[in-house]
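> What follows is start.txt, made up of compact mmCIF, C-alpha atoms:
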```
# COMPACT_ATOMS: atom_id res chain seq x y z
CA MET A 1 -0.27 -70.87 56.65
CA ILE A 2 1.97 -68.14 55.28
CA LEU A 3 1.75 -67.52 51.60
CA VAL A 4 5.09 -66.53 50.17
CA THR A 5 5.22 -65.04 46.71
CA LYS A 6 8.50 -64.84 44.92
CA ARG A 7 9.11 -61.72 42.91
CA ILE A 8 11.16 -62.29 39.78
CA LYS A 9 14.08 -59.90 39.93
CA PRO A 10 14.81 -58.04 36.71
CA VAL A 11 18.22 -58.89 35.29
CA PRO A 12 20.39 -55.77 35.00
CA ILE A 13 21.69 -55.06 31.52
CA GLU A 14 25.26 -54.87 32.85
CA LYS A 15 25.16 -58.63 33.33
CA PHE A 16 25.12 -59.07 29.58
CA SER A 17 28.27 -58.69 27.54
CA GLU A 18 28.25 -56.55 24.39
CA GLU A 19 28.37 -59.72 22.32
CA GLU A 20 25.36 -61.19 24.12
CA LEU A 21 23.40 -57.99 23.53
CA ILE A 22 24.26 -57.98 19.82
CA ASN A 23 23.39 -61.68 19.46
CA GLY A 24 20.15 -61.10 21.35
CA LEU A 25 19.17 -58.30 18.98
CA GLU A 26 20.14 -60.35 15.96
CA GLN A 27 17.87 -63.16 17.11
CA GLY A 28 15.06 -60.76 18.05
CA ASP A 29 15.22 -61.74 21.73
CA GLY A 30 12.36 -59.78 23.35
CA LYS A 31 14.12 -59.66 26.73
CA ILE A 32 17.25 -58.07 25.25
CA ILE A 33 15.20 -55.62 23.16
CA THR A 34 13.35 -54.53 26.32
CA LEU A 35 16.55 -54.23 28.34
CA ILE A 36 18.19 -52.05 25.69
CA TYR A 37 15.03 -49.94 25.47
CA LYS A 38 14.97 -49.40 29.24
CA ARG A 39 18.69 -48.66 29.37
CA ASN A 40 18.46 -45.98 26.66
CA ILE A 41 14.98 -44.43 26.79
CA ALA A 42 15.94 -41.67 29.27
CA VAL A 43 18.91 -40.54 27.17
CA ILE A 44 16.87 -40.64 23.97
CA ARG A 45 14.03 -38.72 25.65
CA ASN A 46 16.53 -36.08 26.72
CA MET A 47 17.92 -35.87 23.21
CA VAL A 48 14.48 -35.68 21.56
CA ASN A 49 13.49 -32.87 23.96
CA GLN A 50 16.34 -30.78 22.58
CA TYR A 51 14.56 -30.69 19.22
CA SER A 52 11.68 -28.68 20.57
CA ASN A 53 10.42 -27.53 17.17
CA ILE A 54 9.63 -30.98 15.80
CA ILE A 55 6.81 -33.25 16.83
CA LEU A 56 8.49 -36.51 17.76
CA GLU A 57 7.83 -38.92 20.59
CA ALA A 58 10.94 -40.40 22.19
CA GLU A 59 9.21 -43.80 22.32
CA ASP A 60 8.63 -43.76 18.55
CA VAL A 61 12.20 -42.64 17.89
CA ILE A 62 13.73 -45.41 20.00
CA GLN A 63 11.42 -48.04 18.48
CA GLU A 64 12.48 -46.95 15.01
CA GLY A 65 16.12 -46.81 16.16
CA LEU A 66 15.93 -50.35 17.54
CA THR A 67 14.35 -51.60 14.29
CA ARG A 68 17.15 -50.09 12.21
CA THR A 69 19.82 -51.34 14.62
CA ILE A 70 18.49 -54.91 14.38
CA MET A 71 18.26 -54.70 10.58
CA ASN A 72 21.85 -53.40 10.40
CA ILE A 73 23.10 -56.15 12.69
CA ARG A 74 21.34 -58.82 10.63
CA ASP A 75 22.68 -57.35 7.37
CA LYS A 76 26.22 -57.20 8.90
CA LYS A 77 26.26 -53.42 8.52
CA PHE A 78 27.02 -52.88 12.18
CA LYS A 79 30.78 -53.27 12.37
CA GLY A 80 31.14 -52.94 16.14
CA ALA A 81 33.09 -49.66 15.96
CA SER A 82 31.16 -48.44 19.01
CA SER A 83 29.01 -49.90 21.76
CA ILE A 84 25.50 -50.92 20.78
CA HIS A 85 24.10 -48.11 22.95
CA THR A 86 26.19 -45.45 21.19
CA TYR A 87 25.19 -46.90 17.84
CA LEU A 88 21.49 -46.83 18.75
CA TYR A 89 21.87 -43.25 19.99
CA SER A 90 23.50 -42.22 16.69
CA ILE A 91 20.66 -43.75 14.68
CA CYS A 92 18.03 -42.05 16.87
CA LYS A 93 19.84 -38.73 16.56
CA ASN A 94 19.90 -39.12 12.80
CA ILE A 95 16.15 -39.80 12.78
CA CYS A 96 15.61 -36.50 14.64
CA LEU A 97 17.95 -34.61 12.32
CA LYS A 98 16.11 -35.99 9.30
CA GLU A 99 12.83 -34.82 10.78
CA CYS A 100 14.37 -31.37 11.23
CA GLN A 101 15.46 -31.36 7.60
CA LYS A 102 11.94 -32.31 6.54
CA SER A 103 10.57 -29.42 8.62
CA LYS A 104 13.37 -27.16 7.29
CA ILE A 105 14.72 -26.55 10.77
CA PHE A 106 18.49 -26.26 11.08
CA TYR A 107 20.33 -27.27 14.24
CA PRO A 108 23.98 -26.28 13.72
CA ALA A 109 25.23 -27.65 17.03
CA THR A 110 24.02 -31.18 16.33
CA ALA A 111 25.98 -32.57 13.46
CA SER A 112 25.40 -36.17 12.50
CA THR A 113 27.80 -38.83 13.66
CA ASP A 114 30.07 -40.90 11.40
CA LEU A 115 29.13 -44.11 13.21
CA ILE A 116 26.24 -44.72 10.87
CA ASP A 117 25.90 -45.02 7.14
CA GLU A 118 23.81 -42.08 5.92
CA LYS A 119 22.83 -43.88 2.70
CA GLN A 120 21.56 -46.85 4.67
CA GLU A 121 19.48 -44.51 6.83
CA ASP A 122 18.00 -42.92 3.68
CA TYR A 123 17.18 -46.42 2.49
CA TYR A 124 14.98 -46.97 5.56
CA ASP A 125 12.98 -43.89 4.57
CA LEU A 126 12.46 -45.53 1.16
CA LEU A 127 11.26 -48.71 2.84
CA GLN A 128 8.75 -46.71 4.83
CA SER A 129 7.46 -45.19 1.58
CA VAL A 130 7.13 -48.67 0.06
CA LEU A 131 5.14 -49.79 3.10
CA ILE A 132 2.79 -46.84 2.69
CA ILE A 133 2.25 -47.79 -0.98
CA LYS A 134 1.75 -51.41 0.04
CA GLU A 135 -0.93 -50.45 2.55
CA GLN A 136 -2.93 -48.84 -0.23
CA MET A 137 -2.82 -51.91 -2.47
CA GLU A 138 -5.36 -54.70 -2.75
CA GLN A 139 -4.69 -57.75 -0.58
CA LYS A 140 -4.70 -60.01 -3.68
CA CYS A 141 -1.97 -57.91 -5.25
CA ILE A 142 0.16 -57.89 -2.08
CA GLU A 143 -0.20 -61.66 -1.88
CA ILE A 144 0.87 -62.38 -5.47
CA ILE A 145 3.71 -59.84 -5.46
CA ASP A 146 4.95 -61.28 -2.16
CA LEU A 147 4.98 -64.74 -3.71
CA ARG A 148 6.53 -63.78 -7.02
CA PHE A 149 9.21 -61.59 -5.43
CA SER A 150 10.10 -64.07 -2.72
CA LEU A 151 13.43 -65.71 -3.47
CA HIS A 152 13.15 -69.25 -4.62
CA PRO A 153 16.26 -71.43 -4.41
CA VAL A 154 16.98 -73.55 -7.47
CA LEU A 155 19.23 -76.56 -7.11
CA THR A 156 20.99 -77.88 -10.20
CA PRO A 157 22.59 -81.35 -10.35
CA GLU A 158 26.10 -79.84 -10.57
CA MET A 159 25.77 -78.02 -7.26
CA ASP A 160 26.83 -79.69 -4.07
CA LEU A 161 24.31 -79.91 -1.23
CA SER A 162 25.94 -77.20 0.90
CA ASN A 163 25.25 -74.66 -1.82
CA GLN A 164 21.72 -73.31 -1.80
CA GLY A 165 21.79 -72.60 -5.52
CA THR A 166 20.81 -69.46 -7.37
CA ALA A 167 17.84 -67.60 -5.97
CA VAL A 168 15.24 -66.73 -8.57
CA MET A 169 11.70 -65.41 -8.50
CA MET A 170 9.05 -67.98 -7.75
CA PRO A 171 7.72 -69.60 -10.98
CA PHE A 172 4.10 -68.87 -11.89
CA GLU A 173 3.31 -72.60 -11.81
CA GLU A 174 4.18 -72.75 -8.13
CA ILE A 175 2.35 -69.48 -7.39
CA ALA A 176 -0.72 -70.89 -9.17
CA ARG A 177 -0.53 -74.05 -7.07
CA LYS A 178 -0.27 -72.05 -3.84
CA LEU A 179 -3.17 -69.77 -4.74
CA ASP A 180 -5.20 -72.55 -6.30
CA ILE A 181 -5.57 -70.74 -9.63
CA LEU A 182 -4.37 -71.38 -13.19
CA PRO A 183 -0.76 -70.40 -14.06
CA ASP A 184 -2.00 -68.05 -16.78
CA ASN A 185 -4.29 -66.32 -14.31
CA ALA A 186 -1.38 -65.99 -11.89
CA ARG A 187 0.76 -64.46 -14.63
CA GLN A 188 -1.95 -61.98 -15.61
CA ARG A 189 -2.77 -61.05 -12.03
CA PHE A 190 0.90 -60.45 -11.27
CA LYS A 191 1.33 -58.31 -14.39
CA ARG A 192 -1.71 -56.21 -13.48
CA CYS A 193 -0.54 -55.78 -9.88
CA LEU A 194 3.03 -54.98 -10.88
CA GLU A 195 1.76 -52.25 -13.20
CA LYS A 196 -0.23 -50.77 -10.32
CA LEU A 197 2.84 -50.93 -8.08
CA ILE A 198 5.06 -49.24 -10.69
CA GLU A 199 2.43 -46.57 -11.19
CA ALA A 200 2.29 -45.90 -7.44
CA VAL A 201 6.07 -45.84 -7.20
CA LYS A 202 6.27 -43.27 -10.00
CA GLN A 203 4.19 -40.90 -7.87
CA ASP A 204 6.78 -41.10 -5.07
CA LYS A 205 9.68 -38.81 -5.87
CA GLN A 206 12.00 -40.39 -3.32
CA ILE A 207 11.61 -43.90 -4.77
CA GLU A 208 11.71 -42.64 -8.34
CA ASP A 209 15.04 -40.93 -7.57
CA PHE A 210 16.32 -44.23 -6.20
CA PHE A 211 15.60 -45.88 -9.57
CA MET B 1 15.96 -54.45 -26.21
CA GLU B 2 17.45 -51.60 -24.19
CA MET B 3 13.99 -50.85 -22.86
CA ASP B 4 13.62 -54.48 -21.71
CA GLU B 5 16.92 -54.27 -19.82
CA LYS B 6 15.82 -51.04 -18.15
CA ASP B 7 12.51 -52.62 -17.17
CA ASN B 8 14.28 -55.69 -15.83
CA ASP B 9 16.65 -53.56 -13.81
CA ARG B 10 13.73 -51.57 -12.44
CA GLU B 11 11.84 -54.73 -11.54
CA LYS B 12 14.95 -56.14 -9.85
CA LYS B 13 15.36 -52.99 -7.76
CA LEU B 14 11.67 -52.97 -6.99
CA ARG B 15 11.88 -56.59 -5.87
CA GLY B 16 14.77 -55.71 -3.55
CA LEU B 17 12.86 -52.78 -2.09
CA TRP B 18 9.66 -54.83 -1.70
CA ASN B 19 11.43 -57.68 0.10
CA ASP B 20 13.46 -55.34 2.31
CA ALA B 21 10.30 -53.40 3.21
CA LYS B 22 8.63 -56.68 4.18
CA ARG B 23 11.63 -57.67 6.32
CA TYR B 24 11.78 -54.18 7.85
CA LYS B 25 8.09 -54.37 8.79
CA GLU B 26 8.63 -57.77 10.40
CA VAL B 27 11.51 -56.42 12.52
CA ARG B 28 9.49 -53.33 13.46
CA ASP B 29 6.60 -55.54 14.57
CA GLU B 30 9.04 -57.73 16.54
CA VAL B 31 10.33 -54.65 18.40
CA ARG B 32 6.83 -53.33 19.05
CA GLN B 33 5.65 -56.71 20.24
CA SER B 34 8.60 -57.07 22.66
CA LEU B 35 8.10 -53.60 24.10
CA PHE B 36 4.32 -53.97 24.25
CA GLN B 37 4.62 -57.25 26.15
CA SER B 38 7.04 -55.72 28.64
CA HIS B 39 4.67 -52.79 29.21
CA GLU B 40 1.75 -55.17 29.57
CA THR B 41 3.61 -57.21 32.21
CA ARG B 42 4.55 -54.06 34.05
CA PHE B 43 0.92 -53.06 34.37
CA ILE B 44 -0.29 -56.35 35.78
CA ILE B 45 -0.96 -55.30 39.38
CA PRO B 46 -1.69 -57.84 42.14
CA PHE B 47 -5.16 -57.49 43.71
CA TYR B 48 -3.83 -56.22 47.08
CA ARG B 49 -2.16 -53.35 45.28
CA LYS B 50 -5.31 -52.57 43.39
CA LYS B 51 -7.10 -52.07 46.72
CA TYR B 52 -4.59 -49.41 47.78
CA PHE B 53 -4.75 -47.95 44.33
CA ALA B 54 -8.54 -47.62 44.64
CA ILE B 55 -8.22 -45.91 48.05
CA ALA B 56 -5.56 -43.53 46.74
CA ALA B 57 -7.63 -42.75 43.65
CA SER B 58 -10.71 -42.04 45.77
CA LEU B 59 -8.70 -39.66 47.97
CA ILE B 60 -7.31 -37.86 44.94
CA ILE B 61 -10.81 -37.49 43.49
CA LEU B 62 -12.12 -36.12 46.82
CA ILE B 63 -9.26 -33.63 47.08
CA GLY B 64 -9.80 -32.66 43.44
CA ILE B 65 -13.51 -32.00 43.95
CA SER B 66 -12.76 -29.95 47.09
CA ALA B 67 -10.16 -27.93 45.22
CA ILE B 68 -12.62 -27.20 42.40
CA LEU B 69 -15.30 -26.13 44.90
CA ILE B 70 -12.82 -23.84 46.71
CA PHE B 71 -11.77 -22.40 43.39
CA ILE B 72 -15.39 -21.70 42.39
CA ILE B 73 -16.14 -20.04 45.75
CA HIS B 74 -13.02 -17.84 45.61
CA LYS B 75 -13.21 -17.10 41.89
CA PRO B 76 -12.17 -13.45 41.28
CA SER B 77 -14.74 -11.04 39.88
CA SER B 78 -14.56 -10.41 36.15
CA ASN B 79 -13.66 -6.68 36.51
CA SER B 80 -10.17 -7.46 37.88
CA GLY B 81 -8.42 -7.67 34.52
CA LYS B 82 -4.86 -8.49 33.65
CA ASP B 83 -2.22 -5.82 33.33
CA GLU B 84 0.93 -6.24 31.32
CA LEU B 85 3.98 -4.62 32.93
CA THR B 86 6.98 -4.35 30.66
CA ILE B 87 10.51 -3.94 31.97
CA GLY B 88 13.12 -3.76 29.22
CA LYS B 89 12.63 -6.75 26.94
CA ASP B 90 11.06 -8.93 29.61
CA THR B 91 7.42 -8.98 30.55
CA ILE B 92 5.67 -9.66 33.83
CA LEU B 93 1.97 -10.32 33.88
CA ARG B 94 0.01 -9.63 37.02
CA LEU B 95 -3.52 -9.02 38.18
CA GLN B 96 -4.50 -5.44 38.78
CA MET B 97 -6.78 -4.89 41.75
CA ASP B 98 -7.22 -2.42 44.58
CA LYS B 99 -5.24 -2.91 47.80
CA GLN B 100 -8.01 -4.35 49.92
CA GLU B 101 -9.05 -6.82 47.27
CA ALA B 102 -5.42 -7.67 46.69
CA LYS B 103 -5.04 -8.64 50.34
CA ALA B 104 -8.17 -10.73 50.26
CA ARG B 105 -7.16 -12.46 47.12
CA GLN B 106 -3.46 -12.65 47.75
CA GLU B 107 -3.27 -16.35 46.96
CA ILE B 108 -5.01 -16.05 43.63
CA TYR B 109 -2.82 -13.09 42.79
CA ARG B 110 0.22 -15.21 43.33
CA ASP B 111 -1.16 -17.94 41.10
CA GLU B 112 -1.14 -15.50 38.23
CA LEU B 113 2.50 -14.36 38.48
CA LEU B 114 4.22 -15.29 35.26
CA LEU B 115 7.82 -14.48 34.41
CA GLN B 116 8.78 -14.28 30.75
CA TRP B 117 12.08 -13.70 28.98
CA ASN B 118 13.32 -13.49 25.42
CA ASN B 119 16.54 -15.49 25.57
CA LYS B 120 16.31 -19.13 24.49
CA TYR B 121 18.87 -21.41 26.15
CA ASP B 122 20.08 -24.60 24.46
CA THR B 123 20.83 -26.37 27.70
CA ILE B 124 19.19 -26.60 31.11
CA SER B 125 19.42 -23.23 32.82
CA HIS B 126 18.25 -21.80 36.14
CA LEU B 127 15.73 -19.19 37.19
CA VAL B 128 16.90 -17.40 40.30
CA VAL B 129 14.78 -15.00 42.35
CA PHE B 130 16.51 -13.10 45.13
CA ASP B 131 15.55 -10.60 47.74
CA SER B 132 16.56 -7.21 46.39
CA PRO B 133 17.61 -5.51 49.65
CA ASN B 134 19.82 -8.28 51.05
CA GLY B 135 20.60 -10.33 47.90
CA LYS B 136 19.41 -13.55 49.53
CA ILE B 137 18.17 -16.20 47.06
CA VAL B 138 14.54 -16.95 47.80
CA TYR B 139 13.85 -19.27 44.92
CA ARG B 140 15.88 -21.25 42.40
CA THR B 141 14.60 -23.69 39.81
CA GLU B 142 15.68 -25.49 36.67
CA ILE B 143 14.58 -24.12 33.30
CA LYS B 144 14.35 -26.51 30.39
CA PRO B 145 16.05 -25.73 27.07
CA ALA B 146 13.97 -23.34 24.94
CA GLN B 147 11.61 -22.58 27.84
CA GLN B 148 10.71 -18.86 27.86
CA SER B 149 8.34 -18.43 30.75
CA PHE B 150 7.77 -19.71 34.24
CA LYS B 151 4.80 -19.47 36.55
CA LEU B 152 5.93 -18.81 40.12
CA PRO B 153 4.47 -21.29 42.60
CA LYS B 154 1.68 -20.26 44.90
CA ASP B 155 2.60 -18.69 48.27
CA LEU B 156 6.21 -18.24 47.26
CA LEU B 157 6.90 -14.55 47.61
CA GLN B 158 5.86 -12.16 50.32
CA PRO B 159 5.21 -8.52 49.33
CA GLY B 160 8.51 -6.77 48.75
CA LYS B 161 11.25 -5.99 46.24
CA TYR B 162 12.94 -8.79 44.36
CA GLU B 163 15.26 -9.30 41.47
CA TRP B 164 15.34 -12.27 39.13
CA TYR B 165 17.28 -13.62 36.20
CA VAL B 166 17.51 -16.69 33.98
CA GLY B 167 20.93 -18.08 33.20
CA ASP B 168 23.11 -15.02 33.48
CA HIS B 169 23.14 -12.61 36.43
CA LYS B 170 23.85 -9.74 34.02
CA PHE B 171 20.30 -9.92 32.69
CA LYS B 172 18.58 -9.53 36.04
CA LYS B 173 15.26 -7.71 36.23
CA SER B 174 13.40 -6.22 39.13
CA LEU B 175 10.12 -7.51 40.49
CA ILE B 176 7.94 -5.64 42.97
CA ILE B 177 5.11 -7.29 44.83
CA ASP B 178 2.77 -4.73 46.33
CA HIS B 179 0.93 -5.08 49.63
```
Can you turn what I pasted into structure tokens?

Amino acid sequence: MILVTKRIKPVPIEKFSEEELINGLEQGDGKIITLIYKRNIAVIRNMVNQYSNIILEAEDVIQEGLTRTIMNIRDKKFKGASSIHTYLYSICKNICLKECQKSKIFYPATASTDLIDEKQEDYYDLLQSVLIIKEQMEQKCIEIIDLRFSLHPVLTPEMDLSNQGTAVMMPFEEIARKLDILPDNARQRFKRCLEKLIEAVKQDKQIEDFF
Amino acid sequence: MEMDEKDNDREKKLRGLWNDAKRYKEVRDEVRQSLFQSHETRFIIPFYRKKYFAIAASLIILIGISAILIFIIHKPSSNSGKDELTIGKDTILRLQMDKQEAKARQEIYRDELLLQWNNKYDTISHLVVFDSPNGKIVYRTEIKPAQQSFKLPKDLLQPGKYEWYVGDHKFKKSLIIDH
């Protein structure tokens, strides 16, 4: 008996249209993310190698670039002015340039591209700072702030069903029910945790400047 | 009253940041997970390949051990120190030893030949070594951006006069390998 094993052929990225790639990224399709990674990693590696004075791994840069690209697509900030590969490259290049600025290294020949929104890229740095602060907080605080800050749709009788209503913070009664504590305790815990968060944020110059 | 408004505005911004950071982390994890899974799949090797892999690994280990033993046996004595020879702005490092020892240890001598230069190139450049008397190129290799030295491969150059340069022919330097 001859045992025949079928090898699954990888699908080349060229078989996907630009629209399919963008939709795939928007939906977080792992196959599309991997294809875009494989298609671009060599170019990104080459680009990262040019910045010899900064310690950056091409793999980390492209992962961060892909994250920002997906976020921008989901937030409708990617307008389609270039191909998705060029856009990703621009974001990755900007990440490297930012790292150079942090290390006070100036590369005159590598100006940033106008394909990306610089302010939006700065905003991702802020988000990273928030995540660092979050990591240092108690799990109970993270949990209650997550609940309180999560948007809670409120439907009023006047609104038709297609309208999701105004999004407000989750009421303490509902938080209390979810955490199985009293509403007053939920209110106090949130207040205490918010104070800690504000205190931590005040220590971060970048976030404080944002406020 | 004004203070309350300021606090509210701050809390609103903080809420936006907090939620965006949460969303950003979720996307980052999604990307990592996708790439990790693809790497994981790539490294699943069928058993028949593992067998060849084991044989290849054993051979590499055997060759490695032999190379280490050869190196230990032919290790140069400690009194043959390094000499730094400076030509213009460029520097060539080479082992200094008497002629007979040099012949005996020719291979090790060649291992130690290091070319260095001061110019930093932004793009990929080339190191070219050519025979000085007839101008024939004996070795040519790519030099990465910002690279400033290159170790010449073992057994590359026979004793004689050479010239070499990186990038531009105008900056050529001479290189003499004694018998």
> Output as a list in words the set of chain A residues within 7 Å of chain B, with distances taken over only C-alpha atoms.
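Close enough to count are Gly28, Gly30, Ile33, Thr34, Gln50, Gln63, Thr67, Leu127, Val130, Leu131, Phe149 and Phe211 of chain A.
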> For B:Val138, which residue among B:His126, B:His169, B:Phe150, B:Glu163 is the nearest when counting only C-alpha atoms?
B:Glu163
> As AutoDock Vina command-line options, please: the centre and edge lengths in Å, to one decimal, of an axis-aligned box enclosing every listed atom of stretch 21-40 of chain A with 4 Å added on each side.

```
--center_x 18.3 --center_y -54.6 --center_z 22.7 --size_x 19.9 --size_y 25.2 --size_z 21.4
```
> Could you check how far atom CA of A:Arg74 sits from atom CA of A:Ile22, in Å to one decimal?
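So the answer is 9.7 Å.
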> At a cut-off of 9 Å, using all atoms listed in the file, what residues contact A:Ile44? Leave out same-chain residues fewer than 2 positions from it and give the result as a list of chain:residue names.
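That gives A:Asn40, A:Ile41, A:Ala42, A:Asn46, A:Met47, A:Val48, A:Asn49, A:Ala58, A:Glu59, A:Val61, A:Ile62, A:Tyr89, A:Cys92, A:Lys93.
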> Any chance you could export the current selection's C-alpha atoms as a CSV table (one decimal), in the frame of the given file?

```
chain,number,residue,atom,x,y,z
A,40,ASN,CA,18.5,-46.0,26.7
A,41,ILE,CA,15.0,-44.4,26.8
A,42,ALA,CA,15.9,-41.7,29.3
A,46,ASN,CA,16.5,-36.1,26.7
A,47,MET,CA,17.9,-35.9,23.2
A,48,VAL,CA,14.5,-35.7,21.6
A,49,ASN,CA,13.5,-32.9,24.0
A,58,ALA,CA,10.9,-40.4,22.2
A,59,GLU,CA,9.2,-43.8,22.3
A,61,VAL,CA,12.2,-42.6,17.9
A,62,ILE,CA,13.7,-45.4,20.0
A,89,TYR,CA,21.9,-43.2,20.0
A,92,CYS,CA,18.0,-42.0,16.9
A,93,LYS,CA,19.8,-38.7,16.6
```
> One decimal, Å: what's the distance from atom CA of A:Leu147 over to atom CA of A:Glu135, could you say?
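Between these atoms lies a distance of 16.7 Å.
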> What is the distance between atom CA of A:Lys119 and atom CA of A:Glu26, in Å to one decimal?
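Interatomic distance here is 21.3 Å.
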